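Data block for structure-v9.txt (compact mmCIF, C-alpha atoms):
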```
# COMPACT_ATOMS: atom_id res chain seq x y z
CA MET Z 291 -9.78 202.57 41.16
CA ILE Z 292 -6.35 202.09 42.65
CA TYR Z 293 -5.93 199.90 45.74
CA SER Z 294 -2.90 199.48 47.96
CA ARG Z 295 -1.12 196.12 48.01
CA GLU Z 296 -2.43 195.43 51.51
CA VAL Z 297 -6.03 195.82 50.35
CA GLU Z 298 -5.45 193.75 47.20
CA GLU Z 299 -4.23 190.84 49.34
CA MET Z 300 -7.32 190.88 51.55
CA CYS Z 301 -10.11 188.36 50.99
CA PRO Z 302 -13.65 189.72 50.39
CA VAL Z 303 -16.07 189.85 53.33
CA ALA Z 304 -19.77 190.66 52.78
CA GLN Z 305 -20.85 194.01 54.16
CA GLY Z 306 -24.10 192.78 55.69
CA VAL Z 307 -27.15 194.88 56.57
CA HIS Z 308 -27.01 198.53 55.57
CA HIS Z 309 -30.01 200.72 56.33
CA GLY Z 310 -28.85 203.76 54.37
CA ALA Z 311 -29.07 207.37 55.49
CA ALA Z 312 -30.97 208.20 58.64
CA PRO Z 313 -34.08 210.28 57.85
CA ILE Z 314 -34.02 213.96 58.77
CA PRO Z 315 -37.01 216.31 59.19
CA GLU Z 316 -37.53 218.57 56.18
CA GLU Z 317 -40.65 220.69 55.81
CA ALA Z 318 -42.81 218.25 57.83
CA LYS Z 319 -41.47 215.20 55.97
CA TRP Z 320 -38.87 212.62 56.96
CA VAL Z 321 -36.31 212.48 54.19
CA LYS Z 322 -33.34 210.20 53.62
CA SER Z 323 -31.19 212.74 51.85
CA LYS Z 324 -28.73 211.15 49.46
CA GLU Z 325 -28.35 213.88 46.86
CA VAL Z 326 -28.33 217.67 46.84
CA LYS Z 327 -31.87 217.76 45.42
CA ASP Z 328 -33.11 216.00 48.56
CA ILE Z 329 -32.39 219.08 50.69
CA SER Z 330 -35.10 221.64 51.47
CA GLY Z 331 -35.53 224.13 54.29
CA PHE Z 332 -35.42 227.70 55.53
CA THR Z 333 -32.82 228.58 58.13
CA HIS Z 334 -30.05 230.92 59.25
CA GLY Z 335 -26.29 230.78 59.65
CA ILE Z 336 -23.99 233.10 61.57
CA GLY Z 337 -20.44 233.71 60.33
CA TRP Z 338 -17.39 235.69 61.33
CA CYS Z 339 -14.17 236.71 59.62
CA ALA Z 340 -10.66 235.60 60.60
CA PRO Z 341 -9.86 238.64 62.80
CA GLN Z 342 -13.48 238.50 64.05
CA GLN Z 343 -13.91 242.15 63.16
CA GLY Z 344 -17.27 241.60 61.50
CA ALA Z 345 -20.18 239.16 61.52
CA CYS Z 346 -22.82 238.01 59.04
CA LYS Z 347 -26.29 236.53 59.47
CA LEU Z 348 -27.21 234.60 56.34
CA SER Z 349 -30.77 233.32 55.79
CA LEU Z 350 -31.51 230.95 52.91
CA ASN Z 351 -34.71 229.37 51.64
CA VAL Z 352 -33.80 226.14 49.86
CA LYS Z 353 -36.25 224.10 47.78
CA ASP Z 354 -35.16 220.76 46.29
CA GLY Z 355 -31.52 221.68 46.72
CA ILE Z 356 -31.79 225.06 44.96
CA ILE Z 357 -31.45 228.36 46.84
CA GLN Z 358 -34.59 230.36 46.11
CA GLU Z 359 -34.08 233.24 48.52
CA ALA Z 360 -31.12 234.83 50.31
CA LEU Z 361 -31.05 237.46 53.05
CA VAL Z 362 -27.58 238.74 53.97
CA GLU Z 363 -27.23 240.92 57.07
CA THR Z 364 -23.82 242.24 58.11
CA ILE Z 365 -22.32 244.24 60.94
CA GLY Z 366 -18.95 245.59 61.97
CA CYS Z 367 -17.15 245.76 58.62
CA SER Z 368 -17.78 248.18 55.76
CA GLY Z 369 -16.17 245.89 53.17
CA MET Z 370 -18.51 243.08 54.14
CA THR Z 371 -21.56 245.09 53.10
CA HIS Z 372 -20.21 245.23 49.53
CA SER Z 373 -19.50 241.50 49.60
CA ALA Z 374 -23.07 240.98 50.86
CA ALA Z 375 -24.40 242.85 47.82
CA MET Z 376 -22.52 240.38 45.60
CA ALA Z 377 -23.74 237.40 47.64
CA ALA Z 378 -27.38 238.49 47.26
CA GLU Z 379 -26.89 238.32 43.49
CA ILE Z 380 -24.81 235.15 43.43
CA LEU Z 381 -26.60 232.79 45.82
CA PRO Z 382 -30.17 232.47 44.42
CA GLY Z 383 -30.22 229.75 41.78
CA LEU Z 384 -27.23 227.83 43.12
CA THR Z 385 -27.41 224.45 44.80
CA VAL Z 386 -26.33 224.43 48.43
CA LEU Z 387 -23.25 222.49 47.38
CA GLU Z 388 -22.32 225.11 44.79
CA ALA Z 389 -22.86 227.85 47.37
CA LEU Z 390 -20.36 226.16 49.70
CA ASN Z 391 -17.73 226.38 46.98
CA THR Z 392 -18.54 229.87 45.70
CA ASP Z 393 -16.22 232.79 46.33
CA LEU Z 394 -18.43 235.09 48.39
CA VAL Z 395 -15.35 237.30 48.96
CA CYS Z 396 -15.92 237.82 52.68
CA ASP Z 397 -14.81 235.24 55.26
CA ALA Z 398 -17.80 236.00 57.45
CA ILE Z 399 -20.30 235.27 54.65
CA ASN Z 400 -18.47 232.08 53.68
CA THR Z 401 -18.46 230.95 57.31
CA ALA Z 402 -22.17 231.72 57.62
CA MET Z 403 -22.79 229.56 54.53
CA ARG Z 404 -20.85 226.70 56.13
CA GLU Z 405 -22.75 226.93 59.40
CA LEU Z 406 -26.07 227.14 57.56
CA PHE Z 407 -25.21 224.08 55.46
CA LEU Z 408 -24.62 222.08 58.63
CA GLN Z 409 -28.13 222.89 59.82
CA ILE Z 410 -29.87 221.88 56.62
CA ALA Z 411 -27.71 218.76 56.15
CA TYR Z 412 -28.58 217.53 59.65
CA GLY Z 413 -32.28 218.47 59.60
CA ARG Z 414 -32.05 221.37 62.03
CA THR Z 415 -33.76 224.01 59.93
CA GLN Z 416 -36.33 226.53 61.14
CA SER Z 417 -38.87 224.92 58.80
CA ALA Z 418 -38.09 221.31 59.73
CA PHE Z 419 -41.64 220.68 60.96
CA SER Z 420 -43.51 223.25 58.83
CA GLU Z 421 -45.71 221.60 56.22
CA ASP Z 422 -44.43 222.56 52.73
CA GLY Z 423 -41.81 224.72 54.44
CA LEU Z 424 -41.84 228.50 54.41
CA PRO Z 425 -42.81 230.48 51.30
CA VAL Z 426 -40.21 232.39 49.33
CA GLY Z 427 -40.29 235.81 50.95
CA ALA Z 428 -40.05 234.50 54.50
CA GLY Z 429 -36.63 236.12 54.77
CA LEU Z 430 -38.19 239.55 54.44
CA GLU Z 431 -40.64 238.72 57.23
CA ASP Z 432 -37.60 238.33 59.46
CA LEU Z 433 -36.98 242.04 58.99
CA GLY Z 434 -40.46 243.22 59.93
CA LYS Z 435 -42.60 245.94 58.36
CA GLY Z 436 -39.81 248.44 57.81
CA LEU Z 437 -37.57 245.90 56.07
CA ARG Z 438 -34.62 246.90 58.25
CA SER Z 439 -32.31 244.60 60.20
CA GLN Z 440 -32.76 244.60 63.96
CA VAL Z 441 -29.55 246.06 65.33
CA GLY Z 442 -28.46 246.63 68.90
CA THR Z 443 -25.45 248.82 69.67
CA MET Z 444 -24.37 249.33 73.27
CA TYR Z 445 -21.18 250.84 74.61
CA GLY Z 446 -19.77 251.10 78.11
CA THR Z 447 -16.66 252.11 80.02
CA LEU Z 448 -15.66 251.47 83.61
CA LYS Z 449 -15.22 255.18 84.23
CA LYS Z 450 -18.39 256.54 82.58
CA GLY Z 451 -20.77 253.56 82.48
CA PRO Z 452 -23.10 252.29 79.74
CA ARG Z 453 -24.51 254.05 76.67
CA TYR Z 454 -27.42 252.75 74.61
CA LEU Z 455 -26.81 253.79 70.99
CA GLU Z 456 -29.18 251.69 68.89
CA MET Z 457 -32.08 249.47 69.90
CA ALA Z 458 -34.33 247.21 67.86
CA GLU Z 459 -36.82 250.09 67.78
CA GLY Z 460 -34.30 252.50 66.28
CA TYR Z 461 -31.61 255.13 66.82
CA VAL Z 462 -31.40 256.13 70.48
CA THR Z 463 -31.59 259.90 70.93
CA GLY Z 464 -31.62 260.03 74.72
CA ILE Z 465 -31.27 257.80 77.76
CA ALA Z 466 -33.23 258.58 80.92
CA LEU Z 467 -31.44 258.55 84.27
CA ASP Z 468 -32.86 258.46 87.78
CA ALA Z 469 -31.55 260.17 90.92
CA GLU Z 470 -28.79 257.57 91.20
CA ASP Z 471 -27.74 258.09 87.55
CA GLN Z 472 -29.00 254.64 86.57
CA ILE Z 473 -30.68 254.07 83.18
CA ILE Z 474 -34.45 253.70 83.52
CA GLY Z 475 -35.57 254.30 79.94
CA TYR Z 476 -34.65 255.67 76.55
CA GLN Z 477 -35.97 257.75 73.67
CA TYR Z 478 -35.47 256.80 70.04
CA VAL Z 479 -36.33 257.60 66.45
CA SER Z 480 -37.11 254.86 63.95
CA LEU Z 481 -35.05 255.83 60.91
CA GLY Z 482 -36.95 253.40 58.70
CA LYS Z 483 -40.31 254.92 59.61
CA MET Z 484 -38.90 258.41 59.26
CA THR Z 485 -37.67 257.66 55.75
CA ASP Z 486 -41.06 256.18 54.82
CA PHE Z 487 -42.84 259.31 56.06
CA ILE Z 488 -40.53 261.49 53.97
CA LYS Z 489 -41.15 259.32 50.90
CA LYS Z 490 -44.87 259.85 51.42
CA GLY Z 491 -44.47 263.62 51.36
CA ASP Z 492 -43.80 264.73 54.94
CA ASP Z 493 -41.06 267.29 55.51
CA ALA Z 494 -38.04 266.10 57.50
CA ASN Z 495 -39.03 267.72 60.81
CA THR Z 496 -42.57 266.33 60.67
CA ALA Z 497 -41.29 262.88 59.75
CA TYR Z 498 -38.78 263.02 62.59
CA GLU Z 499 -41.45 263.83 65.17
CA LYS Z 500 -43.80 261.12 63.87
CA ALA Z 501 -41.05 258.51 64.00
CA LYS Z 502 -40.06 259.23 67.62
CA GLY Z 503 -40.83 256.85 70.48
CA GLN Z 504 -39.80 255.98 74.02
CA TYR Z 505 -39.43 252.98 76.31
CA GLY Z 506 -39.29 252.69 80.07
CA ARG Z 507 -39.59 255.56 82.54
CA VAL Z 508 -38.81 258.79 80.75
CA THR Z 509 -40.89 261.39 82.62
CA ALA Z 510 -40.29 263.19 85.90
CA GLU Z 511 -43.40 261.55 87.38
CA GLN Z 512 -41.82 258.17 86.67
CA GLY Z 513 -38.56 259.02 88.41
CA MET Z 514 -36.58 260.48 85.52
CA VAL Z 515 -34.16 263.15 86.71
CA LYS Z 516 -32.43 263.88 83.41
CA ILE Z 517 -32.14 262.68 79.84
CA ILE Z 518 -28.71 262.65 78.22
CA ASP Z 519 -27.52 262.29 74.63
CA PRO Z 520 -25.62 258.97 74.71
CA ARG Z 521 -23.27 260.12 71.93
CA LYS Z 522 -22.25 263.43 73.47
CA GLU Z 523 -22.78 263.35 77.23
```
Encoded form (structure tokens):
Amino acid sequence: MIYSREVEEMCPVAQGVHHGAAPIPEEAKWVKSKEVKDISGFTHGIGWCAPQQGACKLSLNVKDGIIQEALVETIGCSGMTHSAAMAAEILPGLTVLEALNTDLVCDAINTAMRELFLQIAYGRTQSAFSEDGLPVGAGLEDLGKGLRSQVGTMYGTLKKGPRYLEMAEGYVTGIALDAEDQIIGYQYVSLGKMTDFIKKGDDANTAYEKAKGQYGRVTAEQGMVKIIDPRKE
């Protein structure tokens, strides 16, 4: 250890009482985390790239410092999806400290890892008060039965108003307007369900009809005057 001359010339003073690390909540236990292996928890981190063109939601399930499960969801950047494929292979098996210093290629994924690390290091995880934490596989439960990310895509202009393009339920095929041209409902098709129906043997048209749904007031009796295709009209 190298000390400066000023420090060398100082006389020793006892440090006094030191209580160590403050305990943080981890999987229904209070833990004084001093090493990487002391970290456990399931949580999420949101990241963005330098030009803020794309964003990433990263979910990790960490047990005793080791990443057991990784869910990488991306939006807004085609290159990020390829980086996410690499991250899904790279992250499981690493310690959270290794993951912080791993080249995940995409700025947004790296930033998500940083934000997620802050949560687990300060005891702010989703599983902080869950006994034994969440099982490996909890990340998939975030996606629901169809194992598809929940995506919302809305667009609007001052001249032509809003357009609903994608809702959590699925791809919007039509938006219902009332007599004042205000949106009062929408129709959609769940692409995940449609694909599942096709995999089970339905033809495309049958699968499409079975996967359709609607929300709000979409009939004439409910005040609907017209339904428009949000991508064309």
Do you know which residues are at most 9 Å from Lys516 of chain Z counting all atoms listed in the file, after dropping those on the same chain fewer than 4 positions away, and could you put them as a PDB file with C-alpha atoms, in the coordinates of the input?
```pdb
ATOM      1  CA  ILE Z 465     -31.270 257.800  77.760  1.00  0.00           C
ATOM      2  CA  ALA Z 466     -33.230 258.580  80.920  1.00  0.00           C
ATOM      3  CA  LEU Z 467     -31.440 258.550  84.270  1.00  0.00           C
ATOM      4  CA  ASP Z 468     -32.860 258.460  87.780  1.00  0.00           C
ATOM      5  CA  ALA Z 469     -31.550 260.170  90.920  1.00  0.00           C
ATOM      6  CA  ASP Z 471     -27.740 258.090  87.550  1.00  0.00           C
ATOM      7  CA  VAL Z 508     -38.810 258.790  80.750  1.00  0.00           C
ATOM      8  CA  THR Z 509     -40.890 261.390  82.620  1.00  0.00           C
ATOM      9  CA  ALA Z 510     -40.290 263.190  85.900  1.00  0.00           C
TER      10      ALA Z 510
END
```
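Of note, atom CA of Leu455 of chain Z and atom CA of Arg521 of chain Z are spaced 7.3 Å apart.
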Residues within 8 Å of segment 353-356 of chain Z, please, as a compact mmCIF listing (two decimals) with C-alpha atoms, keeping the file's coordinate frame. Count all atoms listed in the file; anything in the same chain fewer than 4 positions from it doesn't count.
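The resulting file, around35.txt, is shown below:
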```txt
# COMPACT_ATOMS: atom_id res chain seq x y z
CA VAL Z 326 -28.33 217.67 46.84
CA LYS Z 327 -31.87 217.76 45.42
CA ASP Z 328 -33.11 216.00 48.56
CA ILE Z 329 -32.39 219.08 50.69
CA SER Z 330 -35.10 221.64 51.47
CA GLY Z 331 -35.53 224.13 54.29
CA PRO Z 382 -30.17 232.47 44.42
CA GLY Z 383 -30.22 229.75 41.78
CA LEU Z 384 -27.23 227.83 43.12
CA THR Z 385 -27.41 224.45 44.80
CA VAL Z 386 -26.33 224.43 48.43
```
*Gap from atom CA of Tyr445 of chain Z to atom CA of Thr485 of chain Z - Å, one decimal*: 26.0 Å
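We find atom CA of Pro520 of chain Z and atom CA of Tyr498 of chain Z to be spaced 18.3 Å apart.
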_Shell of 12 Å around Asp486 of chain Z, all atoms listed in the file, local chain residues under 2 positions omitted, as a PyMOL selection string_ = chain Z and resi 435-438+480-484+488-494+496-498+500-501
*Minimum-distance residue to Glu379 of chain Z, chosen among Z:Asn391, Z:Gln477, Z:Gln358, Z:Ser439 (using all atoms listed in the file)*: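 Nearest to Glu379 of chain Z: Z:Gln358.
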*Pick from Z:Ala374, Z:Ala411, Z:Cys367, Z:Leu381, whichever lies nearest to Ala311 of chain Z using only C-alpha atoms*: Z:Ala411
_Counting all atoms listed in the file, the option among Z:Thr364, Z:Ser373, Z:Gln504, Z:Gln305 closest to Gly337 of chain Z_ =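 So, comparing all the options, the nearest one is Z:Thr364.
For Ile336 of chain Z, the set of protein, DNA and RNA residues having any atom at most 10 Å away, when counting all atoms listed in the file and skipping those fewer than 3 positions along the same chain, is Ala345, Cys346, Lys347, Leu348, Ser349, Glu363, Thr364, Ala398, Ile399, Asn400, Thr401, Ala402, Met403, Arg404, Glu405 and Leu406 of chain Z.
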*Around (-34.3, 236.7, 46.8) in the file's frame, which residues reach within 8 Å when counting all atoms listed in the file? Return as JSON, numbers by chain?*
{"Z": [358, 359, 360, 361, 378, 382, 426, 427]}
*Closest to Val441 of chain Z among Z:Gly460, Z:Gly429, Z:Gly306, Z:Gly513, using only C-alpha atoms?*
Z:Gly460
As lines of an AutoDock Vina configuration file: centre and edge lengths in Å, one decimal, of the axis-aligned box holding segment 404-417 of chain Z with 4 Å per side:
```
center_x = -29.9
center_y = 222.3
center_z = 58.7
size_x = 26.0
size_y = 17.6
size_z = 14.6
```
_Can you pull out the residues contacting Phe419 of chain Z? Cut-off 10 Å, using only C-alpha atoms, and skip same-chain residues under 4 positions away; I want them as a VMD selection string._
chain Z and resid 315 to 320 331 413 to 415 423
